[in-house]
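Source file: entry-v8.pdb (PDB, C-alpha atoms and all ligand atoms)
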ATOM      1  CA  MET Y   1      29.595  19.270  -1.153
ATOM      2  CA  VAL Y   2      28.035  16.009   0.020
ATOM      3  CA  LYS Y   3      24.722  14.519  -1.025
ATOM      4  CA  VAL Y   4      23.023  11.988   1.257
ATOM      5  CA  THR Y   5      20.043   9.915   0.113
ATOM      6  CA  VAL Y   6      17.927   8.568   2.992
ATOM      7  CA  PRO Y   7      14.997   6.119   2.775
ATOM      8  CA  ALA Y   8      11.555   6.411   4.280
ATOM      9  CA  THR Y   9      10.805   4.057   7.134
ATOM     10  CA  THR Y  10       7.847   2.440   8.820
ATOM     11  CA  ALA Y  11       8.207   2.076  12.574
ATOM     12  CA  ASN Y  12       6.654  -0.332  15.116
ATOM     13  CA  LEU Y  13       5.517  -2.938  12.530
ATOM     14  CA  GLY Y  14       2.555  -3.484  14.876
ATOM     15  CA  PRO Y  15       3.815  -4.991  18.166
ATOM     16  CA  GLY Y  16       7.387  -3.650  17.997
ATOM     17  CA  PHE Y  17       6.597  -0.254  19.475
ATOM     18  CA  ASP Y  18       9.682   2.031  19.639
ATOM     19  CA  THR Y  19      11.743  -1.103  18.860
ATOM     20  CA  MET Y  20      11.270  -2.339  15.274
ATOM     21  CA  GLY Y  21      11.274  -0.560  11.936
ATOM     22  CA  MET Y  22      11.829  -1.181   8.227
ATOM     23  CA  ALA Y  23      13.330   0.889   5.395
ATOM     24  CA  LEU Y  24      11.214   1.534   2.277
ATOM     25  CA  ASP Y  25      12.065   2.651  -1.283
ATOM     26  CA  MET Y  26      10.961   6.281  -1.032
ATOM     27  CA  TYR Y  27      13.728   8.847  -0.480
ATOM     28  CA  ASN Y  28      14.747  12.246   0.827
ATOM     29  CA  THR Y  29      18.048  13.832  -0.187
ATOM     30  CA  VAL Y  30      20.203  16.246   1.803
ATOM     31  CA  GLU Y  31      22.859  18.264  -0.024
ATOM     32  CA  MET Y  32      25.287  20.029   2.307
ATOM     33  CA  ALA Y  33      28.381  22.193   1.842
ATOM     34  CA  ILE Y  34      30.359  24.565   4.054
ATOM     35  CA  HIS Y  35      29.282  28.166   3.343
ATOM     36  CA  ASP Y  36      29.813  31.651   4.745
ATOM     37  CA  SER Y  37      26.368  31.580   6.389
ATOM     38  CA  LEU Y  38      23.415  29.236   6.924
ATOM     39  CA  VAL Y  39      21.316  28.969   3.750
ATOM     40  CA  ILE Y  40      18.568  26.338   3.580
ATOM     41  CA  THR Y  41      16.354  25.584   0.589
ATOM     42  CA  VAL Y  42      13.649  22.917   0.386
ATOM     43  CA  SER Y  43      11.858  21.287  -2.549
ATOM     44  CA  GLY Y  44       9.209  18.561  -2.666
ATOM     45  CA  GLU Y  45       7.175  17.509   0.355
ATOM     46  CA  GLY Y  46       6.915  20.144   3.071
ATOM     47  CA  GLU Y  47       8.627  22.817   0.961
ATOM     48  CA  SER Y  48       6.369  25.572   2.257
ATOM     49  CA  ASP Y  49       6.266  24.415   5.911
ATOM     50  CA  ILE Y  50       9.774  23.245   6.765
ATOM     51  CA  SER Y  51      11.879  25.764   8.680
ATOM     52  CA  LEU Y  52      14.626  27.580   6.731
ATOM     53  CA  ASN Y  53      16.496  28.839   9.800
ATOM     54  CA  GLU Y  54      18.517  27.392  12.714
ATOM     55  CA  THR Y  55      15.434  25.521  13.978
ATOM     56  CA  ASN Y  56      15.511  23.229  10.923
ATOM     57  CA  ILE Y  57      16.105  19.695  12.244
ATOM     58  CA  VAL Y  58      18.548  18.789   9.462
ATOM     59  CA  TYR Y  59      20.725  21.716  10.526
ATOM     60  CA  GLN Y  60      20.188  20.915  14.232
ATOM     61  CA  ALA Y  61      21.308  17.315  13.627
ATOM     62  CA  ALA Y  62      24.350  18.422  11.604
ATOM     63  CA  LYS Y  63      25.366  20.877  14.338
ATOM     64  CA  MET Y  64      25.290  18.051  16.904
ATOM     65  CA  VAL Y  65      27.955  16.203  14.900
ATOM     66  CA  PHE Y  66      30.240  19.255  14.961
ATOM     67  CA  ASP Y  67      29.545  19.634  18.705
ATOM     68  CA  GLN Y  68      30.299  15.943  19.329
ATOM     69  CA  VAL Y  69      33.731  16.218  17.673
ATOM     70  CA  GLU Y  70      34.279  19.574  19.382
ATOM     71  CA  GLN Y  71      34.450  21.560  16.188
ATOM     72  CA  HIS Y  72      32.781  24.896  15.628
ATOM     73  CA  CYS Y  73      29.801  24.455  13.294
ATOM     74  CA  PRO Y  74      30.468  26.643  10.224
ATOM     75  CA  GLY Y  75      27.907  28.237   7.955
ATOM     76  CA  LEU Y  76      26.240  25.573   5.852
ATOM     77  CA  ARG Y  77      24.511  25.576   2.480
ATOM     78  CA  ILE Y  78      21.765  22.930   2.738
ATOM     79  CA  HIS Y  79      19.319  21.838   0.053
ATOM     80  CA  LEU Y  80      16.599  19.347   0.991
ATOM     81  CA  HIS Y  81      14.551  17.443  -1.552
ATOM     82  CA  ASN Y  82      11.745  15.415   0.050
ATOM     83  CA  GLU Y  83       9.677  12.562  -1.361
ATOM     84  CA  VAL Y  84       8.629  11.429   2.136
ATOM     85  CA  PRO Y  85       5.455  13.224   3.236
ATOM     86  CA  VAL Y  86       5.788  15.092   6.527
ATOM     87  CA  ALA Y  87       3.935  13.882   9.636
ATOM     88  CA  ARG Y  88       2.321  10.900   7.895
ATOM     89  CA  GLY Y  89       4.081   8.030   9.688
ATOM     90  CA  LEU Y  90       6.765   7.329   7.065
ATOM     91  CA  GLY Y  91       9.747   8.638   8.978
ATOM     92  CA  SER Y  92      10.156  12.105   7.492
ATOM     93  CA  SER Y  93      11.805  13.659  10.547
ATOM     94  CA  ALA Y  94      13.956  10.541  10.966
ATOM     95  CA  ALA Y  95      15.156  10.879   7.369
ATOM     96  CA  ALA Y  96      15.970  14.521   8.093
ATOM     97  CA  VAL Y  97      17.928  13.682  11.257
ATOM     98  CA  VAL Y  98      19.864  10.860   9.574
ATOM     99  CA  GLY Y  99      20.536  13.014   6.502
ATOM    100  CA  GLY Y 100      21.863  15.880   8.618
ATOM    101  CA  VAL Y 101      24.095  13.677  10.793
ATOM    102  CA  VAL Y 102      25.507  11.571   7.931
ATOM    103  CA  ALA Y 103      26.134  14.634   5.736
ATOM    104  CA  ALA Y 104      27.953  16.538   8.520
ATOM    105  CA  ASN Y 105      29.980  13.433   9.407
ATOM    106  CA  ALA Y 106      30.975  13.110   5.721
ATOM    107  CA  LEU Y 107      32.004  16.803   5.551
ATOM    108  CA  LEU Y 108      34.323  16.082   8.527
ATOM    109  CA  ASP Y 109      35.761  12.951   6.821
ATOM    110  CA  ASN Y 110      33.708  10.549   8.913
ATOM    111  CA  PRO Y 111      35.081  10.839  12.442
ATOM    112  CA  LEU Y 112      32.003   9.070  13.907
ATOM    113  CA  CYS Y 113      31.676   5.289  13.487
ATOM    114  CA  GLU Y 114      28.404   3.449  12.850
ATOM    115  CA  GLN Y 115      27.712   2.839  16.556
ATOM    116  CA  GLU Y 116      28.282   6.526  17.343
ATOM    117  CA  LEU Y 117      26.049   7.602  14.455
ATOM    118  CA  ALA Y 118      23.342   5.131  15.542
ATOM    119  CA  GLU Y 119      23.408   6.429  19.116
ATOM    120  CA  LEU Y 120      23.442  10.089  18.045
ATOM    121  CA  VAL Y 121      20.464   9.826  15.677
ATOM    122  CA  THR Y 122      18.516   7.803  18.271
ATOM    123  CA  LYS Y 123      19.202  10.414  20.968
ATOM    124  CA  ILE Y 124      18.044  13.200  18.647
ATOM    125  CA  GLU Y 125      14.850  11.433  17.481
ATOM    126  CA  GLY Y 126      14.082   9.900  20.900
ATOM    127  CA  HIS Y 127      13.506   6.354  19.656
ATOM    128  CA  PRO Y 128      15.471   4.098  17.257
ATOM    129  CA  ASP Y 129      12.737   2.512  15.145
ATOM    130  CA  ASN Y 130      12.706   5.056  12.315
ATOM    131  CA  VAL Y 131      16.256   6.459  12.431
ATOM    132  CA  LEU Y 132      18.076   3.109  12.531
ATOM    133  CA  PRO Y 133      16.406   1.560   9.463
ATOM    134  CA  ALA Y 134      16.883   4.950   7.751
ATOM    135  CA  LEU Y 135      20.607   4.804   8.607
ATOM    136  CA  LEU Y 136      21.237   1.106   7.994
ATOM    137  CA  GLY Y 137      18.392  -0.239   5.844
ATOM    138  CA  GLY Y 138      16.529  -3.545   6.230
ATOM    139  CA  VAL Y 139      14.484  -4.355   9.310
ATOM    140  CA  ILE Y 140      16.046  -3.162  12.560
ATOM    141  CA  VAL Y 141      15.339  -4.317  16.124
ATOM    142  CA  ALA Y 142      16.850  -1.921  18.673
ATOM    143  CA  GLY Y 143      16.792  -0.596  22.227
ATOM    144  CA  TRP Y 144      19.050   0.964  24.827
ATOM    145  CA  GLY Y 145      21.220  -1.336  26.927
ATOM    146  CA  LYS Y 146      22.913  -0.286  30.160
ATOM    147  CA  ASP Y 147      25.410   2.035  28.482
ATOM    148  CA  LYS Y 148      25.039   1.601  24.741
ATOM    149  CA  LEU Y 149      22.451   1.182  22.011
ATOM    150  CA  LEU Y 150      21.770  -2.466  21.199
ATOM    151  CA  TYR Y 151      20.609  -3.156  17.643
ATOM    152  CA  GLN Y 152      20.425  -5.912  15.049
ATOM    153  CA  LYS Y 153      19.664  -5.667  11.330
ATOM    154  CA  ILE Y 154      17.474  -8.407   9.830
ATOM    155  CA  VAL Y 155      17.544  -9.042   6.081
ATOM    156  CA  PRO Y 156      14.171 -10.698   5.366
ATOM    157  CA  GLY Y 157      14.370 -13.318   2.613
ATOM    158  CA  ILE Y 158      10.697 -13.006   1.755
ATOM    159  CA  GLN Y 159       9.643 -11.002  -1.319
ATOM    160  CA  ILE Y 160       7.021  -8.653   0.112
ATOM    161  CA  GLU Y 161       5.577  -5.303  -0.896
ATOM    162  CA  ALA Y 162       4.136  -2.602   1.340
ATOM    163  CA  VAL Y 163       0.887  -0.949   0.240
ATOM    164  CA  VAL Y 164       0.677   2.352   2.091
ATOM    165  CA  ALA Y 165      -2.533   4.384   2.343
ATOM    166  CA  ILE Y 166      -1.350   7.929   3.158
ATOM    167  CA  PRO Y 167      -4.151  10.205   4.425
ATOM    168  CA  GLU Y 168      -4.084  13.826   3.333
ATOM    169  CA  PHE Y 169      -4.189  15.034   6.957
ATOM    170  CA  PRO Y 170      -0.955  15.148   9.012
ATOM    171  CA  LEU Y 171      -0.596  13.665  12.482
ATOM    172  CA  ALA Y 172       2.336  14.996  14.498
ATOM    173  CA  THR Y 173       4.230  12.205  16.237
ATOM    174  CA  LYS Y 174       4.134  14.273  19.446
ATOM    175  CA  LYS Y 175       0.318  14.349  19.368
ATOM    176  CA  ALA Y 176       0.106  10.622  18.600
ATOM    177  CA  ARG Y 177       2.350   9.874  21.591
ATOM    178  CA  GLU Y 178       0.295  12.044  23.931
ATOM    179  CA  VAL Y 179      -2.719   9.672  23.635
ATOM    180  CA  LEU Y 180      -0.697   6.665  24.842
ATOM    181  CA  PRO Y 181      -1.349   5.386  28.399
ATOM    182  CA  SER Y 182       1.380   5.633  31.025
ATOM    183  CA  THR Y 183       0.657   2.071  32.182
ATOM    184  CA  VAL Y 184      -0.816  -1.003  30.516
ATOM    185  CA  SER Y 185      -2.198  -4.294  31.877
ATOM    186  CA  PHE Y 186       0.073  -7.268  32.415
ATOM    187  CA  GLN Y 187      -1.938  -9.144  29.784
ATOM    188  CA  ASP Y 188      -1.404  -6.444  27.155
ATOM    189  CA  ALA Y 189       2.312  -6.263  27.930
ATOM    190  CA  LEU Y 190       2.552 -10.053  27.627
ATOM    191  CA  PHE Y 191       0.600  -9.963  24.359
ATOM    192  CA  ASN Y 192       3.086  -7.536  22.784
ATOM    193  CA  VAL Y 193       6.145  -9.433  24.096
ATOM    194  CA  ASN Y 194       4.677 -12.540  22.522
ATOM    195  CA  ARG Y 195       3.734 -10.993  19.150
ATOM    196  CA  ALA Y 196       6.969  -8.985  18.782
ATOM    197  CA  SER Y 197       9.039 -12.122  19.483
ATOM    198  CA  LEU Y 198       7.007 -14.132  16.978
ATOM    199  CA  LEU Y 199       7.303 -11.311  14.425
ATOM    200  CA  VAL Y 200      11.107 -11.405  14.598
ATOM    201  CA  THR Y 201      10.979 -15.206  14.297
ATOM    202  CA  ALA Y 202       8.708 -14.976  11.243
ATOM    203  CA  LEU Y 203      11.058 -12.474   9.560
ATOM    204  CA  ILE Y 204      14.189 -14.498  10.290
ATOM    205  CA  THR Y 205      12.672 -17.797   9.122
ATOM    206  CA  ASN Y 206      10.774 -16.203   6.202
ATOM    207  CA  ASN Y 207       7.548 -17.683   7.571
ATOM    208  CA  LEU Y 208       4.850 -15.716   5.710
ATOM    209  CA  GLN Y 209       1.953 -17.508   7.376
ATOM    210  CA  LEU Y 210       3.255 -16.682  10.843
ATOM    211  CA  LEU Y 211       4.002 -13.093   9.770
ATOM    212  CA  ALA Y 212       0.359 -12.642   8.797
ATOM    213  CA  GLU Y 213      -0.782 -13.822  12.229
ATOM    214  CA  VAL Y 214       1.443 -11.771  14.521
ATOM    215  CA  MET Y 215       1.446  -8.148  13.309
ATOM    216  CA  GLU Y 216      -0.952  -7.085  16.067
ATOM    217  CA  ASP Y 217      -0.578  -4.597  18.889
ATOM    218  CA  ARG Y 218      -2.146  -3.629  22.201
ATOM    219  CA  LEU Y 219       0.231  -0.846  23.311
ATOM    220  CA  HIS Y 220      -0.405   1.974  20.826
ATOM    221  CA  GLN Y 221      -2.871   1.156  18.040
ATOM    222  CA  PRO Y 222      -5.954   0.801  20.319
ATOM    223  CA  TYR Y 223      -5.361   4.374  21.533
ATOM    224  CA  ARG Y 224      -4.311   6.001  18.268
ATOM    225  CA  CYS Y 225      -7.344   4.731  16.332
ATOM    226  CA  THR Y 226      -9.287   7.573  17.969
ATOM    227  CA  LEU Y 227      -7.136  10.030  15.968
ATOM    228  CA  ILE Y 228      -7.546   8.314  12.588
ATOM    229  CA  PRO Y 229     -11.129   7.927  11.267
ATOM    230  CA  GLY Y 230     -11.685   4.446   9.800
ATOM    231  CA  MET Y 231      -8.313   3.045  10.939
ATOM    232  CA  ASN Y 232      -9.648  -0.253  12.318
ATOM    233  CA  GLU Y 233     -11.994  -0.781   9.369
ATOM    234  CA  VAL Y 234      -9.181  -0.154   6.875
ATOM    235  CA  ILE Y 235      -7.018  -2.707   8.705
ATOM    236  CA  GLU Y 236      -9.780  -5.344   8.863
ATOM    237  CA  ASN Y 237     -10.853  -4.900   5.221
ATOM    238  CA  ALA Y 238      -7.291  -4.930   3.900
ATOM    239  CA  LYS Y 239      -6.707  -8.256   5.701
ATOM    240  CA  ALA Y 240     -10.005  -9.615   4.297
ATOM    241  CA  ALA Y 241      -8.783  -8.565   0.837
ATOM    242  CA  GLY Y 242      -5.733 -10.794   1.238
ATOM    243  CA  ALA Y 243      -3.042  -8.643   2.847
ATOM    244  CA  LEU Y 244      -0.634 -10.304   5.312
ATOM    245  CA  GLY Y 245       0.018  -7.961   8.270
ATOM    246  CA  VAL Y 246      -1.822  -4.610   8.258
ATOM    247  CA  VAL Y 247      -0.660  -2.025  10.773
ATOM    248  CA  LEU Y 248      -0.431   1.649  11.593
ATOM    249  CA  SER Y 249       2.801   2.939  10.042
ATOM    250  CA  GLY Y 250       4.788   4.544  12.867
ATOM    251  CA  ALA Y 251       2.632   7.058  14.701
ATOM    252  CA  GLY Y 252       0.295   7.299  11.679
ATOM    253  CA  PRO Y 253      -1.948   8.287  10.058
ATOM    254  CA  THR Y 254      -0.601   6.091   7.239
ATOM    255  CA  ILE Y 255      -1.714   2.465   7.272
ATOM    256  CA  LEU Y 256       0.660  -0.143   5.842
ATOM    257  CA  ALA Y 257      -0.386  -3.511   4.420
ATOM    258  CA  LEU Y 258       2.225  -6.160   3.612
ATOM    259  CA  THR Y 259       1.369  -8.181   0.498
ATOM    260  CA  THR Y 260       3.160 -10.855  -1.515
ATOM    261  CA  ASP Y 261       1.385 -10.839  -4.843
ATOM    262  CA  ASP Y 262      -1.095  -8.718  -6.770
ATOM    263  CA  SER Y 263      -2.159  -6.031  -4.304
ATOM    264  CA  LYS Y 264      -4.737  -4.267  -6.527
ATOM    265  CA  GLN Y 265      -7.681  -5.434  -4.399
ATOM    266  CA  VAL Y 266      -5.935  -4.390  -1.188
ATOM    267  CA  GLN Y 267      -5.153  -0.950  -2.648
ATOM    268  CA  THR Y 268      -8.765  -0.426  -3.740
ATOM    269  CA  VAL Y 269     -10.229  -1.519  -0.427
ATOM    270  CA  MET Y 270      -7.901   0.679   1.655
ATOM    271  CA  LYS Y 271      -8.736   3.751  -0.419
ATOM    272  CA  GLU Y 272     -12.499   3.076  -0.464
ATOM    273  CA  VAL Y 273     -12.798   2.359   3.264
ATOM    274  CA  PHE Y 274     -10.811   5.469   4.219
ATOM    275  CA  GLU Y 275     -12.999   7.533   1.828
ATOM    276  CA  ALA Y 276     -16.144   6.048   3.387
ATOM    277  CA  HIS Y 277     -14.890   7.597   6.639
ATOM    278  CA  GLY Y 278     -14.288  10.971   5.018
ATOM    279  CA  VAL Y 279     -10.518  10.529   4.668
ATOM    280  CA  LYS Y 280      -8.892  11.229   1.303
ATOM    281  CA  CYS Y 281      -5.663   9.265   0.895
ATOM    282  CA  ASN Y 282      -2.835   8.561  -1.507
ATOM    283  CA  ILE Y 283      -2.005   4.905  -2.237
ATOM    284  CA  ARG Y 284       1.642   3.968  -2.915
ATOM    285  CA  VAL Y 285       3.154   0.503  -3.362
ATOM    286  CA  LEU Y 286       6.606   0.478  -1.791
ATOM    287  CA  LYS Y 287       9.279  -2.169  -1.398
ATOM    288  CA  PRO Y 288      11.378  -2.916   1.675
ATOM    289  CA  ILE Y 289      15.036  -2.063   0.966
ATOM    290  CA  LEU Y 290      18.176  -3.483   2.487
ATOM    291  CA  SER Y 291      20.387  -0.401   2.320
ATOM    292  CA  GLY Y 292      20.154   2.789   4.350
ATOM    293  CA  ALA Y 293      21.638   6.267   3.974
ATOM    294  CA  LYS Y 294      23.929   6.624   0.930
ATOM    295  CA  ILE Y 295      26.617   9.309   0.509
ATOM    296  CA  ASP Y 296      27.787  10.893  -2.759
ATOM    297  CA  LYS Y 297      30.727  13.255  -2.290
ATOM    298  CA  SER Y 298      31.727  15.759  -4.977
TER     299      SER Y 298
HETATM  300  N1  LIG O 301      12.221  16.294   5.838
HETATM  301  C1  LIG O 301      12.225  17.176   6.850
HETATM  302  N2  LIG O 301      13.120  18.192   6.880
HETATM  303  C2  LIG O 301      13.140  19.057   7.901
HETATM  304  N3  LIG O 301      12.284  19.006   8.956
HETATM  305  C3  LIG O 301      11.377  18.000   8.970
HETATM  306  C4  LIG O 301      11.292  17.048   7.937
HETATM  307  N4  LIG O 301      10.283  16.172   8.238
HETATM  308  C5  LIG O 301       9.767  16.569   9.409
HETATM  309  N5  LIG O 301      10.410  17.657   9.853
HETATM  310  C6  LIG O 301      10.126  18.386  11.085
HETATM  311  O1  LIG O 301      10.274  17.475  12.171
HETATM  312  C7  LIG O 301       9.401  17.858  13.243
HETATM  313  C8  LIG O 301       8.723  16.612  13.776
HETATM  314  O2  LIG O 301       7.850  16.171  12.801
HETATM  315  P1  LIG O 301       6.832  14.992  13.196
HETATM  316  O3  LIG O 301       7.569  13.954  13.971
HETATM  317  O4  LIG O 301       5.607  15.498  13.758
HETATM  318  O5  LIG O 301       6.531  14.482  11.820
HETATM  319  P2  LIG O 301       7.351  13.412  11.096
HETATM  320  O6  LIG O 301       8.570  12.996  11.771
HETATM  321  O7  LIG O 301       7.444  13.890   9.715
HETATM  322  O8  LIG O 301       6.357  12.237  11.254
HETATM  323  P3  LIG O 301       6.595  10.825  10.746
HETATM  324  O9  LIG O 301       7.782  10.313  11.511
HETATM  325  O10 LIG O 301       5.313  10.242  11.122
HETATM  326  O11 LIG O 301       6.872  10.955   9.299
HETATM  327  C9  LIG O 301       8.440  18.894  12.648
HETATM  328  O12 LIG O 301       8.831  20.151  13.126
HETATM  329  C10 LIG O 301       8.683  18.822  11.156
HETATM  330  O13 LIG O 301       8.538  20.095  10.558
HETATM  331  N1  LIG O 302       7.589   4.325  17.682
HETATM  332  C1  LIG O 302       7.214   5.698  17.334
HETATM  333  C2  LIG O 302       7.411   5.863  15.851
HETATM  334  C3  LIG O 302       7.106   7.268  15.358
HETATM  335  O1  LIG O 302       7.259   7.341  13.971
HETATM  336  C4  LIG O 302       5.763   5.947  17.719
HETATM  337  O2  LIG O 302       4.941   5.076  17.396
HETATM  338  O3  LIG O 302       5.471   6.992  18.320
END

Before we go any further, please render this structure as structure tokens.
Ligand SMILES: Nc1ncnc2c1ncn2[C@@H]1O[C@H](COP(=O)(O)OP(=O)(O)OP(=O)(O)O)[C@@H](O)[C@H]1O
Ligand SMILES: N[C@@H](CCO)C(=O)O
Amino acid sequence: MVKVTVPATTANLGPGFDTMGMALDMYNTVEMAIHDSLVITVSGEGESDISLNETNIVYQAAKMVFDQVEQHCPGLRIHLHNEVPVARGLGSSAAAVVGGVVAANALLDNPLCEQELAELVTKIEGHPDNVLPALLGGVIVAGWGKDKLLYQKIVPGIQIEAVVAIPEFPLATKKAREVLPSTVSFQDALFNVNRASLLVTALITNNLQLLAEVMEDRLHQPYRCTLIPGMNEVIENAKAAGALGVVLSGAGPTILALTTDDSKQVQTVMKEVFEAHGVKCNIRVLKPILSGAKIDKS
């Protein structure tokens, strides 16, 4: 039996749409063993909604590993325990995909290398900015090259925390991608190139002041705010309360505020402003983590 522990992730980080993401200290676990049939059990977040049959994405991801090494996928006994809320913008499906792939690879004595795992999980999820930080930890910048996935892990030296305001309502990533435009203006494209480049620079040089200035976006947030009541006001008020960058976490609806010291005021403001717009939310204070999926084999 193998047990894989996979972190939550926040994708985009504002301007880094489908390109940048960061691992956070909230975890899902996937326990997997070969069995005479497929048996899936789930506890924690999503326990009553997540599929218990072949459509489960942890199983689907595991089966793709067996297919890739041309082995028949046996029956599997899978237990999922989830801390990461589903469809809230904290990388729940990415944690599931990474957990399924890493667990199956471990059951087969790790035939796939890191690059192959990175490419497989990105192909399954469709974009790298949740699955790669979930796999590798830290902050990841990634995108497809001509014939392989290009990625780089950044280990920020700055001590920051992430206050996340997690609305009670879910927002499926698919729905949040449907509201995005098929084309954008040259100015908006240039704006995001500029801010994403400066964001990477700020992270690499541990420049907190610059970080606070550049976590802005014109490619997805202006369109998704129509799906999340109070989103812009929560962002503005959290910044006014002293947060550094405040952004939509992944495809939302969670909003993430980076802070360096006492974040009590930021937490209060985010909760109150969301509630003023009729949105009940959960506040959690998370920390960026530098390690990704971890395997325990017994
Ligand atoms: N931990 C999980 N285990 C199994 N299936 C999951 C898990 N999390 C999400 N899914 C499934 O993945 C599919 C895609 O979910 P969706 O992308 O809408 O939400 P999400 O990935 O949880 O969102 P986010 O990335 O914002 O957390 C859904 O069918 C959902 O049931
Ligand atoms: N980059 C993806 C992340 C989804 O979690 C999006 O914003 O749709």

If you count all atoms listed in the file, which residues end up within 9 Å of ligand LIG 301 (chain O), as an NGL selection string? :Y and (8-11 or 28-30 or 42 or 45-47 or 49-52 or 55-59 or 80-97 or 99 or 125 or 130 or 170-176 or 249-254)

So how many Å separate atom CA of Gly75 of chain Y and atom CA of Val39 of chain Y, to one decimal? 7.9 Å

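Comparing Y:Ile235, Y:Ile78, Y:Ile124, Y:Leu248 by their smallest distance to Ser43 of chain Y, the closest is Y:Ile78 (using all atoms listed in the file).
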
Distance table requested - segment 161-208 of chain Y against segment 229-234 of chain Y, cut-off 12 Å, all atoms listed in the file: one row per qualifying residue with the closest atom pair and its distance in Å to one decimal, ordered by chain and rising residue number, as a Markdown table.
| residue | atom | partner | partner_atom | distance |
| --- | --- | --- | --- | --- |
| Y:Val164 | CA | Y:Val234 | CA | 11.2 |
| Y:Ala165 | CA | Y:Val234 | CA | 9.2 |
| Y:Ile166 | CA | Y:Met231 | CA | 11.5 |
| Y:Pro167 | CA | Y:Pro229 | CA | 10.0 |
| Y:Phe169 | CA | Y:Pro229 | CA | 10.8 |

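Shortest separation to ligand LIG 302 (chain O) among Y:Asn110, Y:Asn282, Y:Asn12, Y:Thr5 occurs at residue Y:Asn12, atoms counted being all atoms listed in the file.
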
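Nearest residue to ligand LIG 302 (chain O), choosing from Y:Val179, Y:Val101, Y:Met26, Y:Leu112 and counting all atoms listed in the file: Y:Val179.
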
Find, counting all atoms listed in the file, the residue in Y:Thr205, Y:Thr122, Y:Gln187, Y:Thr260 that gets nearest to ligand LIG 302 (chain O). Y:Thr122

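Between Leu132 of chain Y and the residues Y:Leu199, Y:Leu120, Y:Leu180, Y:Ile40, the shortest atom-to-atom distance, using all atoms listed in the file, involves Y:Leu120.
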
Centre and edge lengths, as lines of an AutoDock Vina configuration file, for the axis-aligned box enclosing every listed atom of ligand LIG 302 (chain O) with 3 Å of padding on each of the six sides, in Å to one decimal?
center_x = 6.3
center_y = 5.8
center_z = 16.1
size_x = 8.6
size_y = 9.0
size_z = 10.3

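The closest residue to Met32 of chain Y, picked from Y:Lys3, Y:Lys294, Y:Leu219, Y:Val273 and counting all atoms listed in the file, is Y:Lys3.
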
Please provide as a PDB file with C-alpha atoms, keeping the file's coordinate frame all residues within 7 Å of segment 62-64 of chain Y, with the sequence filter that same-chain residues fewer than 6 positions apart are discarded (counting all atoms listed in the file).
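Just written: around_19.pdb:
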ATOM      1  CA  CYS Y  73      29.801  24.455  13.294  1.00  0.00           C
ATOM      2  CA  GLY Y 100      21.863  15.880   8.618  1.00  0.00           C
ATOM      3  CA  VAL Y 101      24.095  13.677  10.793  1.00  0.00           C
ATOM      4  CA  ALA Y 104      27.953  16.538   8.520  1.00  0.00           C
TER       5      ALA Y 104
END

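Contact shell of Ile160 of chain Y at 7 Å (only C-alpha atoms; same-chain neighbours under 2 positions omitted): Y:Ile158, Y:Ala162, Y:Leu258, Y:Thr259, Y:Thr260.
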
Excluding Leu244 of chain Y and residues on its chain fewer than 2 positions from it, collect all residues at most 8 Å away from it, counting all atoms listed in the file, and give them as a PyMOL selection string. chain Y and resi 208-209+211-213+239+242+246+257-260
